[in-house]
Amino acid sequence: MRICVAGAYGAFGIKHLDALKAIDGVTVTSVMGPTRAKIDALAAERGIGHAATDLAECLARDDVDAVILATPTQLHAEQAIACMKAGKPVLIEIPMADSLQESEEICRVQEETGVLAMAGQVRRFNPSHQWIKNKIDAGELKVQQMDVQTYFFRRSNMNAKGEPRSWTDHLLWHHACHTVDLFQYQTGEVVSEAFGLEGPHHPELGIAMDMSIGMKTPSGAICTLSLSFNNNGPLGTFFRYICDNGTYIARYDDLFDGYEKPVDLSGVAVSNNGIELIDREFIAAIQEGRQPNGSVHQVLDAMRTLDKIERCFK
């Protein structure tokens with residue numbers, strides 16, 4: 001499998017490059033980034049044969065079988081559609097788009113072309129959340145409530161590497177997207193009620209710096225999600241699962257019970273790296289000719305819920 005990583009020198013482009021190195025039979029043959037000097041330097045450092053500043057150049061190559069998009073959110077829909085129309089399966093980093101309309105268009109083109117398209121909902125693949133999902137599927141757990149905190153200290157337009165961004169991040173369409181999809185995935189239901197509140201917008205970035213979201217499923221499971229770019233403390237997302245048979249706290253790829261006792265996740269997956277696991281699913285789905293876990297169609301309900309929440313702000 002020969003992969004092109006677009007947005008390769010960004011924070012998550014690097015994570016995908018590192019993850020792909022751990023997967024047998026996979027070669028990164030092409031990388032794309034907007035700055036020629038940076039993308040050439042990355043290709044030379046990683047021993048990658050082709051580098052470009054234009055995705056179309058990468059899509060035209062015979063040695064590119066599939067594409068991972070780690071590019072700015074605002075480009076995702078246009079670039080994903082270009083990949084599918086070029087016959088290249090595509091994994092779109094979260095979120096697949098920053099509007100319901102563009103998400104629906106991605107799904108429409110996927111149906112039209114039949115080319116595999118997957119959304120980067122990595123929480124489906126973190127071993128901590130996989131362990132919970134396995135217990136739910138076995139009938140051993142049922143989610144009654146999820147309490148989730150997504151916190152950063154990001155008052156300027158910087159990425160996860162501490163470098164200036166060329167685009168603006170978003171608490172709702174990016175960071176809340178993780179939890180909205182995960183809540184619906186773990187409960188097996190589409191949210192029937194959802195609301196959102198947002199704090200003041202940043203005077204320069206034009207985005208809300210604090211947000212509160214509430215959701216409820218038809219069976220009565222609820223989720224409370226708090227998000228902030230103003231939190232001066234440990235960053236990341238912390239999930240508390242309050243279930244009918246125990247309480248669990250998930251922090252990325254680690255899991256603890258309600259008393260902070262570690263849960264053994266050995267044997268849950270072949271890796272404890274969620275990015276590697278989502279890349280493995282993408283590649284396996286292509287090779288096996290099936291839809292992946294996290295296909296754009298499976299994630300569309302999350303985008304509909306985000307749209308419903310966004311309408312609360314207006």
# chains A, B, ... in the order shown; residues from 1 in each chain; ligands from 1
$ residues_around --residues "region 195-207 of chain A" --least-positions-apart "3" --cutoff "10 Å" --atoms "only C-alpha atoms" --output "count of residues only"
28
$ select_by_dssp --residues "region 136-263 of chain A" --states "strand (DSSP E)" --output "compact mmCIF listing (two decimals) with N, CA, C and O atoms, in the first residue's frame"
# COMPACT_ATOMS: atom_id res chain seq x y z
N VAL A 143 -23.94 2.55 29.05
CA VAL A 143 -23.62 3.93 29.42
C VAL A 143 -24.87 4.64 29.91
O VAL A 143 -25.89 4.67 29.22
N GLN A 144 -24.79 5.19 31.12
CA GLN A 144 -25.87 6.01 31.65
C GLN A 144 -25.57 7.51 31.49
O GLN A 144 -26.45 8.31 31.23
N GLN A 145 -24.28 7.84 31.63
CA GLN A 145 -23.87 9.23 31.47
C GLN A 145 -22.39 9.28 31.09
O GLN A 145 -21.59 8.48 31.57
N MET A 146 -22.07 10.22 30.22
CA MET A 146 -20.67 10.54 29.94
C MET A 146 -20.44 11.99 30.33
O MET A 146 -21.21 12.88 29.96
N ASP A 147 -19.40 12.22 31.11
CA ASP A 147 -19.00 13.56 31.51
C ASP A 147 -17.61 13.79 30.92
O ASP A 147 -16.66 13.06 31.26
N VAL A 148 -17.49 14.77 30.04
CA VAL A 148 -16.26 14.93 29.25
C VAL A 148 -15.76 16.36 29.36
O VAL A 148 -16.53 17.32 29.29
N GLN A 149 -14.44 16.48 29.52
CA GLN A 149 -13.78 17.79 29.56
C GLN A 149 -12.70 17.82 28.47
O GLN A 149 -11.84 16.95 28.44
N THR A 150 -12.77 18.83 27.61
CA THR A 150 -11.76 19.03 26.57
C THR A 150 -11.14 20.40 26.79
O THR A 150 -11.78 21.43 26.55
N TYR A 151 -9.90 20.40 27.28
CA TYR A 151 -9.30 21.66 27.73
C TYR A 151 -7.93 21.91 27.10
O TYR A 151 -7.09 21.01 27.02
N GLU A 193 -31.85 14.84 21.64
CA GLU A 193 -31.88 16.20 22.18
C GLU A 193 -30.44 16.70 22.31
O GLU A 193 -29.56 15.95 22.77
N ALA A 194 -30.19 17.94 21.93
CA ALA A 194 -28.85 18.51 22.04
C ALA A 194 -28.95 20.02 22.16
O ALA A 194 -29.81 20.65 21.53
N PHE A 195 -28.09 20.60 22.99
CA PHE A 195 -28.06 22.06 23.11
C PHE A 195 -26.61 22.48 23.33
O PHE A 195 -25.76 21.68 23.72
N GLY A 196 -26.34 23.74 23.09
CA GLY A 196 -25.01 24.26 23.33
C GLY A 196 -25.05 25.70 23.80
O GLY A 196 -25.97 26.46 23.47
N LEU A 197 -24.06 26.05 24.61
CA LEU A 197 -23.85 27.43 25.05
C LEU A 197 -22.41 27.79 24.74
O LEU A 197 -21.50 26.96 24.91
N GLU A 198 -22.16 29.00 24.27
CA GLU A 198 -20.79 29.42 24.02
C GLU A 198 -20.49 30.71 24.76
O GLU A 198 -21.36 31.55 24.96
N ASP A 210 -14.84 29.28 25.01
CA ASP A 210 -15.41 28.36 26.00
C ASP A 210 -16.77 27.89 25.49
O ASP A 210 -17.49 28.65 24.82
N MET A 211 -17.11 26.66 25.81
CA MET A 211 -18.35 26.08 25.28
C MET A 211 -18.85 24.99 26.23
O MET A 211 -18.07 24.27 26.87
N SER A 212 -20.18 24.87 26.31
CA SER A 212 -20.82 23.82 27.08
C SER A 212 -21.88 23.15 26.21
O SER A 212 -22.66 23.84 25.55
N ILE A 213 -21.88 21.82 26.20
CA ILE A 213 -22.79 21.06 25.35
C ILE A 213 -23.49 19.98 26.18
O ILE A 213 -22.87 19.32 27.03
N GLY A 214 -24.78 19.80 25.94
CA GLY A 214 -25.53 18.73 26.57
C GLY A 214 -26.25 17.89 25.52
O GLY A 214 -26.74 18.44 24.53
N MET A 215 -26.27 16.59 25.70
CA MET A 215 -26.92 15.69 24.74
C MET A 215 -27.68 14.59 25.48
O MET A 215 -27.31 14.21 26.59
N LYS A 216 -28.72 14.06 24.81
CA LYS A 216 -29.50 12.96 25.37
C LYS A 216 -29.92 12.04 24.24
O LYS A 216 -30.29 12.49 23.16
N ILE A 222 -27.23 10.38 28.89
CA ILE A 222 -26.91 11.79 28.71
C ILE A 222 -25.40 11.99 28.65
O ILE A 222 -24.61 11.16 29.13
N CYS A 223 -25.02 13.11 28.05
CA CYS A 223 -23.60 13.48 27.95
C CYS A 223 -23.48 14.97 28.23
O CYS A 223 -24.23 15.78 27.69
N THR A 224 -22.53 15.32 29.10
CA THR A 224 -22.21 16.71 29.38
C THR A 224 -20.78 16.94 28.94
O THR A 224 -19.86 16.23 29.37
N LEU A 225 -20.58 17.92 28.07
CA LEU A 225 -19.26 18.19 27.49
C LEU A 225 -18.88 19.65 27.74
O LEU A 225 -19.63 20.56 27.37
N SER A 226 -17.74 19.86 28.37
CA SER A 226 -17.20 21.19 28.60
C SER A 226 -15.93 21.34 27.79
O SER A 226 -15.06 20.45 27.79
N LEU A 227 -15.81 22.46 27.06
CA LEU A 227 -14.63 22.71 26.23
C LEU A 227 -14.09 24.11 26.49
O LEU A 227 -14.86 25.05 26.71
N SER A 228 -12.75 24.25 26.46
CA SER A 228 -12.16 25.57 26.66
C SER A 228 -10.80 25.67 26.01
O SER A 228 -10.01 24.72 26.02
N GLY A 236 -5.92 18.42 27.12
CA GLY A 236 -6.41 17.16 26.56
C GLY A 236 -7.86 16.94 26.91
O GLY A 236 -8.55 17.83 27.41
N THR A 237 -8.32 15.71 26.63
CA THR A 237 -9.72 15.36 26.88
C THR A 237 -9.79 14.21 27.87
O THR A 237 -9.06 13.23 27.75
N PHE A 238 -10.69 14.36 28.82
CA PHE A 238 -10.84 13.38 29.89
C PHE A 238 -12.30 12.92 29.93
O PHE A 238 -13.21 13.74 30.07
N PHE A 239 -12.51 11.62 29.79
CA PHE A 239 -13.85 11.05 29.66
C PHE A 239 -14.19 10.26 30.93
O PHE A 239 -13.46 9.35 31.31
N ARG A 240 -15.31 10.58 31.55
CA ARG A 240 -15.82 9.77 32.65
C ARG A 240 -17.07 9.05 32.14
O ARG A 240 -18.06 9.68 31.77
N TYR A 241 -16.99 7.71 32.11
CA TYR A 241 -18.14 6.87 31.76
C TYR A 241 -18.82 6.43 33.05
O TYR A 241 -18.23 5.70 33.84
N ILE A 242 -20.04 6.87 33.26
CA ILE A 242 -20.83 6.40 34.39
C ILE A 242 -21.80 5.36 33.84
O ILE A 242 -22.71 5.68 33.07
N CYS A 243 -21.59 4.11 34.21
CA CYS A 243 -22.32 2.99 33.61
C CYS A 243 -23.17 2.27 34.65
O CYS A 243 -23.07 2.55 35.85
N GLY A 246 -20.38 0.02 36.86
CA GLY A 246 -19.05 0.58 37.08
C GLY A 246 -18.88 1.96 36.47
O GLY A 246 -19.66 2.39 35.62
N THR A 247 -17.84 2.63 36.92
CA THR A 247 -17.45 3.94 36.41
C THR A 247 -16.02 3.84 35.91
O THR A 247 -15.17 3.22 36.56
N TYR A 248 -15.76 4.47 34.77
CA TYR A 248 -14.44 4.39 34.15
C TYR A 248 -14.02 5.76 33.64
O TYR A 248 -14.84 6.56 33.19
N ILE A 249 -12.72 6.02 33.73
CA ILE A 249 -12.14 7.29 33.31
C ILE A 249 -11.12 7.01 32.22
O ILE A 249 -10.15 6.27 32.43
N ALA A 250 -11.36 7.57 31.05
CA ALA A 250 -10.47 7.37 29.90
C ALA A 250 -9.66 8.63 29.64
O ALA A 250 -10.23 9.73 29.55
N ARG A 251 -8.35 8.47 29.52
CA ARG A 251 -7.45 9.55 29.13
C ARG A 251 -6.65 9.05 27.95
O ARG A 251 -5.68 8.31 28.10
N ASP A 254 -5.25 5.41 27.86
CA ASP A 254 -5.22 4.82 29.20
C ASP A 254 -6.62 4.81 29.78
O ASP A 254 -7.44 5.69 29.49
N LEU A 255 -6.89 3.83 30.66
CA LEU A 255 -8.21 3.69 31.27
C LEU A 255 -8.06 3.37 32.75
O LEU A 255 -7.19 2.57 33.14
N PHE A 256 -8.93 3.98 33.57
CA PHE A 256 -8.92 3.76 35.01
C PHE A 256 -10.36 3.54 35.46
O PHE A 256 -11.31 3.96 34.79
N ASP A 257 -10.51 2.86 36.61
CA ASP A 257 -11.87 2.75 37.15
C ASP A 257 -12.18 4.02 37.94
O ASP A 257 -11.39 4.97 37.98
$ atom_distance --atom1 "CA of Val90 (chain A)" --atom2 "CA of Ala117 (chain A)"
5.0 Å
$ closest_residue --among "A:Leu141, A:Leu265, A:Leu17, A:Ile68" --to "Ala119 (chain A)" --atoms "only C-alpha atoms"
A:Ile68
$ closest_residue --among "A:Ile92, A:Ala44, A:Ala52, A:Cys177" --to "Met32 (chain A)" --atoms "only C-alpha atoms"
A:Ala52
$ residues_around --residues "region 108-113 of chain A" --least-positions-apart "3" --cutoff "12 Å" --atoms "only C-alpha atoms" --output "VMD selection string"
chain A and resid 77 to 90 101 to 105 116 to 118 291 295 to 297 300
$ write_last_selection --atoms "N, CA, C and O atoms" --output "compact mmCIF listing (two decimals), in the first residue's frame"
# COMPACT_ATOMS: atom_id res chain seq x y z
N ALA A 77 -13.16 19.16 2.78
CA ALA A 77 -14.21 18.73 1.85
C ALA A 77 -13.72 18.78 0.41
O ALA A 77 -13.84 17.80 -0.34
N GLU A 78 -13.14 19.90 0.01
CA GLU A 78 -12.65 20.05 -1.36
C GLU A 78 -11.60 19.00 -1.69
O GLU A 78 -11.63 18.38 -2.75
N GLN A 79 -10.67 18.78 -0.76
CA GLN A 79 -9.59 17.84 -1.02
C GLN A 79 -10.08 16.39 -0.98
O GLN A 79 -9.64 15.56 -1.80
N ALA A 80 -10.98 16.06 -0.08
CA ALA A 80 -11.52 14.70 -0.02
C ALA A 80 -12.27 14.36 -1.30
O ALA A 80 -12.14 13.25 -1.84
N ILE A 81 -13.04 15.31 -1.80
CA ILE A 81 -13.78 15.10 -3.04
C ILE A 81 -12.82 14.91 -4.21
O ILE A 81 -13.02 14.03 -5.07
N ALA A 82 -11.74 15.69 -4.24
CA ALA A 82 -10.73 15.53 -5.29
C ALA A 82 -10.10 14.15 -5.24
O ALA A 82 -9.87 13.52 -6.28
N CYS A 83 -9.82 13.66 -4.03
CA CYS A 83 -9.23 12.31 -3.89
C CYS A 83 -10.18 11.25 -4.43
O CYS A 83 -9.76 10.36 -5.20
N MET A 84 -11.43 11.31 -4.04
CA MET A 84 -12.40 10.31 -4.49
C MET A 84 -12.59 10.36 -6.00
O MET A 84 -12.65 9.32 -6.66
N LYS A 85 -12.65 11.55 -6.56
CA LYS A 85 -12.82 11.67 -8.02
C LYS A 85 -11.59 11.20 -8.78
O LYS A 85 -11.69 10.82 -9.95
N ALA A 86 -10.43 11.19 -8.10
CA ALA A 86 -9.21 10.65 -8.70
C ALA A 86 -9.08 9.16 -8.46
O ALA A 86 -8.10 8.53 -8.89
N GLY A 87 -10.07 8.56 -7.76
CA GLY A 87 -10.05 7.12 -7.51
C GLY A 87 -9.16 6.71 -6.37
O GLY A 87 -8.81 5.54 -6.25
N LYS A 88 -8.81 7.65 -5.49
CA LYS A 88 -7.90 7.36 -4.37
C LYS A 88 -8.68 7.31 -3.06
O LYS A 88 -9.26 8.32 -2.63
N PRO A 89 -8.71 6.18 -2.38
CA PRO A 89 -9.32 6.12 -1.05
C PRO A 89 -8.71 7.18 -0.14
O PRO A 89 -7.51 7.46 -0.22
N VAL A 90 -9.54 7.74 0.75
CA VAL A 90 -9.07 8.87 1.55
C VAL A 90 -9.49 8.74 3.01
O VAL A 90 -10.62 8.37 3.32
N GLN A 101 -23.40 20.84 5.51
CA GLN A 101 -23.55 20.85 4.05
C GLN A 101 -22.35 20.21 3.36
O GLN A 101 -22.52 19.38 2.46
N GLU A 102 -21.15 20.56 3.78
CA GLU A 102 -19.95 19.98 3.15
C GLU A 102 -19.81 18.50 3.51
O GLU A 102 -19.36 17.70 2.68
N SER A 103 -20.21 18.13 4.73
CA SER A 103 -20.16 16.72 5.13
C SER A 103 -21.11 15.89 4.26
O SER A 103 -20.76 14.78 3.82
N GLU A 104 -22.30 16.41 4.01
CA GLU A 104 -23.26 15.71 3.16
C GLU A 104 -22.74 15.60 1.73
O GLU A 104 -22.97 14.57 1.07
N GLU A 105 -22.03 16.62 1.27
CA GLU A 105 -21.49 16.56 -0.09
C GLU A 105 -20.39 15.51 -0.19
O GLU A 105 -20.31 14.79 -1.20
N LEU A 116 -13.62 4.51 -1.29
CA LEU A 116 -13.65 4.50 0.17
C LEU A 116 -13.28 5.86 0.74
O LEU A 116 -12.31 6.49 0.32
N ALA A 117 -14.06 6.33 1.72
CA ALA A 117 -13.78 7.58 2.42
C ALA A 117 -14.05 7.37 3.90
O ALA A 117 -15.14 6.92 4.28
N MET A 118 -13.07 7.71 4.71
CA MET A 118 -13.13 7.46 6.15
C MET A 118 -12.86 8.77 6.89
O MET A 118 -12.02 9.57 6.48
N GLN A 291 -16.29 -1.35 3.90
CA GLN A 291 -16.37 -0.04 4.51
C GLN A 291 -15.64 -0.05 5.86
O GLN A 291 -15.75 -1.01 6.62
N SER A 295 -16.50 5.20 8.62
CA SER A 295 -16.73 5.72 7.26
C SER A 295 -17.45 7.06 7.36
O SER A 295 -18.10 7.37 8.36
N VAL A 296 -17.35 7.85 6.30
CA VAL A 296 -17.99 9.17 6.33
C VAL A 296 -19.49 9.06 6.55
O VAL A 296 -20.10 9.94 7.18
N HIS A 297 -20.09 7.98 6.07
CA HIS A 297 -21.54 7.81 6.26
C HIS A 297 -21.87 7.51 7.71
O HIS A 297 -22.87 8.00 8.24
N LEU A 300 -21.72 10.78 9.70
CA LEU A 300 -22.60 11.88 9.29
C LEU A 300 -23.59 12.27 10.38
O LEU A 300 -23.93 13.45 10.53
$ residues_around --residues "Ala43 (chain A)" --least-positions-apart "6" --cutoff "10 Å" --atoms "only C-alpha atoms" --output "ChimeraX atom specification"
/A:8-9,28-32,49-52
$ write_last_selection --atoms "C-alpha atoms" --output "mmCIF file, in the first residue's frame"
data_model
loop_
_atom_site.group_PDB
_atom_site.id
_atom_site.type_symbol
_atom_site.label_atom_id
_atom_site.label_comp_id
_atom_site.auth_asym_id
_atom_site.auth_seq_id
_atom_site.Cartn_x
_atom_site.Cartn_y
_atom_site.Cartn_z
ATOM 1 C CA ALA A 8 2.601 16.101 6.271
ATOM 2 C CA TYR A 9 4.683 18.514 8.344
ATOM 3 C CA VAL A 28 4.752 6.649 2.172
ATOM 4 C CA THR A 29 5.604 7.534 -1.419
ATOM 5 C CA SER A 30 4.437 11.148 -1.467
ATOM 6 C CA VAL A 31 3.994 14.051 0.918
ATOM 7 C CA MET A 32 2.291 17.393 0.390
ATOM 8 C CA GLY A 49 10.659 10.052 -2.908
ATOM 9 C CA HIS A 50 8.117 12.712 -3.853
ATOM 10 C CA ALA A 51 7.115 16.045 -2.319
ATOM 11 C CA ALA A 52 4.672 18.623 -3.657
#
$ residues_around --residues "region 22-24 of chain A" --least-positions-apart "5" --cutoff "12 Å" --atoms "only C-alpha atoms" --output "PyMOL selection string"
chain A and resi 1-3+15-17+270-273+275-284
$ write_last_selection --atoms "N, CA, C and O atoms" --output "compact mmCIF listing (two decimals), in the first residue's frame"
# COMPACT_ATOMS: atom_id res chain seq x y z
N MET A 1 0.85 -1.19 0.00
CA MET A 1 0.00 0.00 0.00
C MET A 1 0.89 1.24 0.00
O MET A 1 1.73 1.41 0.88
N ARG A 2 0.69 2.09 -0.98
CA ARG A 2 1.52 3.29 -1.13
C ARG A 2 0.67 4.51 -0.81
O ARG A 2 -0.38 4.74 -1.42
N ILE A 3 1.12 5.27 0.17
CA ILE A 3 0.30 6.32 0.77
C ILE A 3 0.89 7.70 0.50
O ILE A 3 2.11 7.89 0.56
N LYS A 15 2.32 12.74 13.13
CA LYS A 15 1.81 11.57 13.86
C LYS A 15 1.45 10.44 12.91
O LYS A 15 1.71 9.26 13.20
N HIS A 16 0.85 10.77 11.77
CA HIS A 16 0.51 9.73 10.79
C HIS A 16 1.77 9.14 10.16
O HIS A 16 1.84 7.92 9.95
N LEU A 17 2.74 9.95 9.84
CA LEU A 17 4.00 9.43 9.28
C LEU A 17 4.64 8.45 10.25
O LEU A 17 5.12 7.37 9.84
N VAL A 270 -3.59 -4.29 18.71
CA VAL A 270 -2.20 -4.63 18.39
C VAL A 270 -1.24 -3.49 18.75
O VAL A 270 -0.03 -3.68 18.71
N SER A 271 -1.79 -2.34 19.10
CA SER A 271 -0.98 -1.19 19.47
C SER A 271 -1.75 -0.37 20.49
O SER A 271 -2.97 -0.48 20.60
N ASN A 272 -1.01 0.44 21.27
CA ASN A 272 -1.70 1.36 22.18
C ASN A 272 -1.72 2.77 21.63
O ASN A 272 -2.01 3.72 22.35
N ASN A 273 -1.43 2.91 20.33
CA ASN A 273 -1.41 4.20 19.65
C ASN A 273 -2.66 4.33 18.79
O ASN A 273 -2.82 3.63 17.79
N ILE A 275 -3.64 6.63 16.71
CA ILE A 275 -3.40 7.04 15.33
C ILE A 275 -2.96 5.85 14.49
O ILE A 275 -3.44 5.67 13.35
N GLU A 276 -2.09 5.02 15.03
CA GLU A 276 -1.67 3.82 14.30
C GLU A 276 -2.88 2.90 14.06
O GLU A 276 -3.03 2.33 12.95
N LEU A 277 -3.75 2.77 15.05
CA LEU A 277 -4.89 1.86 14.92
C LEU A 277 -5.89 2.36 13.87
O LEU A 277 -6.45 1.56 13.12
N ILE A 278 -6.10 3.67 13.80
CA ILE A 278 -7.01 4.18 12.78
C ILE A 278 -6.41 4.04 11.39
O ILE A 278 -7.10 3.71 10.42
N ASP A 279 -5.09 4.22 11.28
CA ASP A 279 -4.43 4.01 9.99
C ASP A 279 -4.50 2.54 9.58
O ASP A 279 -4.69 2.22 8.40
N ARG A 280 -4.35 1.64 10.54
CA ARG A 280 -4.46 0.21 10.24
C ARG A 280 -5.86 -0.14 9.72
O ARG A 280 -6.01 -0.93 8.79
N GLU A 281 -6.89 0.43 10.33
CA GLU A 281 -8.25 0.16 9.88
C GLU A 281 -8.47 0.69 8.46
O GLU A 281 -9.11 0.03 7.64
N PHE A 282 -7.96 1.87 8.18
CA PHE A 282 -8.07 2.47 6.85
C PHE A 282 -7.45 1.55 5.80
O PHE A 282 -8.07 1.21 4.78
N ILE A 283 -6.24 1.10 6.06
CA ILE A 283 -5.52 0.26 5.10
C ILE A 283 -6.19 -1.11 4.96
O ILE A 283 -6.36 -1.63 3.85
N ALA A 284 -6.61 -1.70 6.08
CA ALA A 284 -7.26 -3.01 6.03
C ALA A 284 -8.57 -2.94 5.25
O ALA A 284 -8.90 -3.86 4.48
$ select_by_dssp --residues "region 41-185 of chain A" --states "alpha helix (DSSP H)" --output "PyMOL selection string"
chain A and resi 41-46+55-59+76-85+100-113+127-137+177-185
$ atom_distance --atom1 "CA of Thr71 (chain A)" --atom2 "CA of Tyr185 (chain A)"
25.2 Å
$ atom_distance --atom1 "CA of Ala60 (chain A)" --atom2 "CA of Glu288 (chain A)"
23.8 Å
$ decode --residues "region 233-260 of chain A" --atoms "N, CA and C atoms" --output "PDB file, in the first residue's frame"
ATOM      1  N   GLY A 233      -3.818  24.751  32.534  1.00  0.00           N
ATOM      2  CA  GLY A 233      -3.556  23.538  33.301  1.00  0.00           C
ATOM      3  C   GLY A 233      -3.348  22.378  32.349  1.00  0.00           C
ATOM      4  N   PRO A 234      -3.416  21.142  32.854  1.00  0.00           N
ATOM      5  CA  PRO A 234      -3.221  19.978  31.978  1.00  0.00           C
ATOM      6  C   PRO A 234      -4.172  20.028  30.789  1.00  0.00           C
ATOM      7  N   LEU A 235      -3.643  19.772  29.595  1.00  0.00           N
ATOM      8  CA  LEU A 235      -4.480  19.834  28.397  1.00  0.00           C
ATOM      9  C   LEU A 235      -4.897  18.442  27.957  1.00  0.00           C
ATOM     10  N   GLY A 236      -5.925  18.424  27.118  1.00  0.00           N
ATOM     11  CA  GLY A 236      -6.407  17.160  26.565  1.00  0.00           C
ATOM     12  C   GLY A 236      -7.859  16.939  26.907  1.00  0.00           C
ATOM     13  N   THR A 237      -8.320  15.714  26.628  1.00  0.00           N
ATOM     14  CA  THR A 237      -9.719  15.365  26.876  1.00  0.00           C
ATOM     15  C   THR A 237      -9.785  14.213  27.866  1.00  0.00           C
ATOM     16  N   PHE A 238     -10.691  14.355  28.818  1.00  0.00           N
ATOM     17  CA  PHE A 238     -10.837  13.377  29.887  1.00  0.00           C
ATOM     18  C   PHE A 238     -12.299  12.918  29.926  1.00  0.00           C
ATOM     19  N   PHE A 239     -12.510  11.623  29.790  1.00  0.00           N
ATOM     20  CA  PHE A 239     -13.852  11.053  29.664  1.00  0.00           C
ATOM     21  C   PHE A 239     -14.192  10.264  30.928  1.00  0.00           C
ATOM     22  N   ARG A 240     -15.305  10.583  31.548  1.00  0.00           N
ATOM     23  CA  ARG A 240     -15.825   9.775  32.651  1.00  0.00           C
ATOM     24  C   ARG A 240     -17.069   9.049  32.143  1.00  0.00           C
ATOM     25  N   TYR A 241     -16.992   7.712  32.113  1.00  0.00           N
ATOM     26  CA  TYR A 241     -18.137   6.875  31.757  1.00  0.00           C
ATOM     27  C   TYR A 241     -18.818   6.430  33.046  1.00  0.00           C
ATOM     28  N   ILE A 242     -20.037   6.868  33.255  1.00  0.00           N
ATOM     29  CA  ILE A 242     -20.827   6.397  34.390  1.00  0.00           C
ATOM     30  C   ILE A 242     -21.797   5.355  33.839  1.00  0.00           C
ATOM     31  N   CYS A 243     -21.585   4.111  34.206  1.00  0.00           N
ATOM     32  CA  CYS A 243     -22.318   2.989  33.605  1.00  0.00           C
ATOM     33  C   CYS A 243     -23.175   2.273  34.652  1.00  0.00           C
ATOM     34  N   ASP A 244     -23.976   1.344  34.183  1.00  0.00           N
ATOM     35  CA  ASP A 244     -24.816   0.572  35.094  1.00  0.00           C
ATOM     36  C   ASP A 244     -24.006  -0.438  35.890  1.00  0.00           C
ATOM     37  N   ASN A 245     -22.761  -0.668  35.464  1.00  0.00           N
ATOM     38  CA  ASN A 245     -21.934  -1.672  36.122  1.00  0.00           C
ATOM     39  C   ASN A 245     -20.497  -1.160  36.248  1.00  0.00           C
ATOM     40  N   GLY A 246     -20.377   0.017  36.858  1.00  0.00           N
ATOM     41  CA  GLY A 246     -19.047   0.576  37.078  1.00  0.00           C
ATOM     42  C   GLY A 246     -18.876   1.959  36.468  1.00  0.00           C
ATOM     43  N   THR A 247     -17.845   2.634  36.921  1.00  0.00           N
ATOM     44  CA  THR A 247     -17.454   3.941  36.406  1.00  0.00           C
ATOM     45  C   THR A 247     -16.017   3.844  35.905  1.00  0.00           C
ATOM     46  N   TYR A 248     -15.762   4.468  34.766  1.00  0.00           N
ATOM     47  CA  TYR A 248     -14.441   4.389  34.146  1.00  0.00           C
ATOM     48  C   TYR A 248     -14.021   5.762  33.643  1.00  0.00           C
ATOM     49  N   ILE A 249     -12.717   6.017  33.731  1.00  0.00           N
ATOM     50  CA  ILE A 249     -12.143   7.287  33.308  1.00  0.00           C
ATOM     51  C   ILE A 249     -11.120   7.007  32.218  1.00  0.00           C
ATOM     52  N   ALA A 250     -11.356   7.569  31.047  1.00  0.00           N
ATOM     53  CA  ALA A 250     -10.467   7.366  29.901  1.00  0.00           C
ATOM     54  C   ALA A 250      -9.663   8.632  29.637  1.00  0.00           C
ATOM     55  N   ARG A 251      -8.353   8.466  29.518  1.00  0.00           N
ATOM     56  CA  ARG A 251      -7.452   9.550  29.133  1.00  0.00           C
ATOM     57  C   ARG A 251      -6.649   9.052  27.945  1.00  0.00           C
ATOM     58  N   TYR A 252      -7.071   9.436  26.755  1.00  0.00           N
ATOM     59  CA  TYR A 252      -6.451   8.980  25.517  1.00  0.00           C
ATOM     60  C   TYR A 252      -6.366   7.462  25.494  1.00  0.00           C
ATOM     61  N   ASP A 253      -5.182   6.894  25.561  1.00  0.00           N
ATOM     62  CA  ASP A 253      -5.038   5.449  25.413  1.00  0.00           C
ATOM     63  C   ASP A 253      -4.957   4.730  26.757  1.00  0.00           C
ATOM     64  N   ASP A 254      -5.245   5.414  27.858  1.00  0.00           N
ATOM     65  CA  ASP A 254      -5.217   4.818  29.196  1.00  0.00           C
ATOM     66  C   ASP A 254      -6.624   4.811  29.783  1.00  0.00           C
ATOM     67  N   LEU A 255      -6.891   3.835  30.665  1.00  0.00           N
ATOM     68  CA  LEU A 255      -8.208   3.692  31.268  1.00  0.00           C
ATOM     69  C   LEU A 255      -8.063   3.367  32.750  1.00  0.00           C
ATOM     70  N   PHE A 256      -8.930   3.977  33.567  1.00  0.00           N
ATOM     71  CA  PHE A 256      -8.924   3.762  35.006  1.00  0.00           C
ATOM     72  C   PHE A 256     -10.362   3.535  35.460  1.00  0.00           C
ATOM     73  N   ASP A 257     -10.515   2.859  36.609  1.00  0.00           N
ATOM     74  CA  ASP A 257     -11.869   2.754  37.146  1.00  0.00           C
ATOM     75  C   ASP A 257     -12.185   4.021  37.940  1.00  0.00           C
ATOM     76  N   GLY A 258     -13.350   4.055  38.570  1.00  0.00           N
ATOM     77  CA  GLY A 258     -13.786   5.264  39.265  1.00  0.00           C
ATOM     78  C   GLY A 258     -12.926   5.644  40.452  1.00  0.00           C
ATOM     79  N   TYR A 259     -12.075   4.712  40.898  1.00  0.00           N
ATOM     80  CA  TYR A 259     -11.169   4.980  42.022  1.00  0.00           C
ATOM     81  C   TYR A 259      -9.725   5.176  41.549  1.00  0.00           C
ATOM     82  N   GLU A 260      -9.584   5.429  40.250  1.00  0.00           N
ATOM     83  CA  GLU A 260      -8.276   5.693  39.630  1.00  0.00           C
ATOM     84  C   GLU A 260      -7.362   4.466  39.604  1.00  0.00           C
TER      85      GLU A 260
END
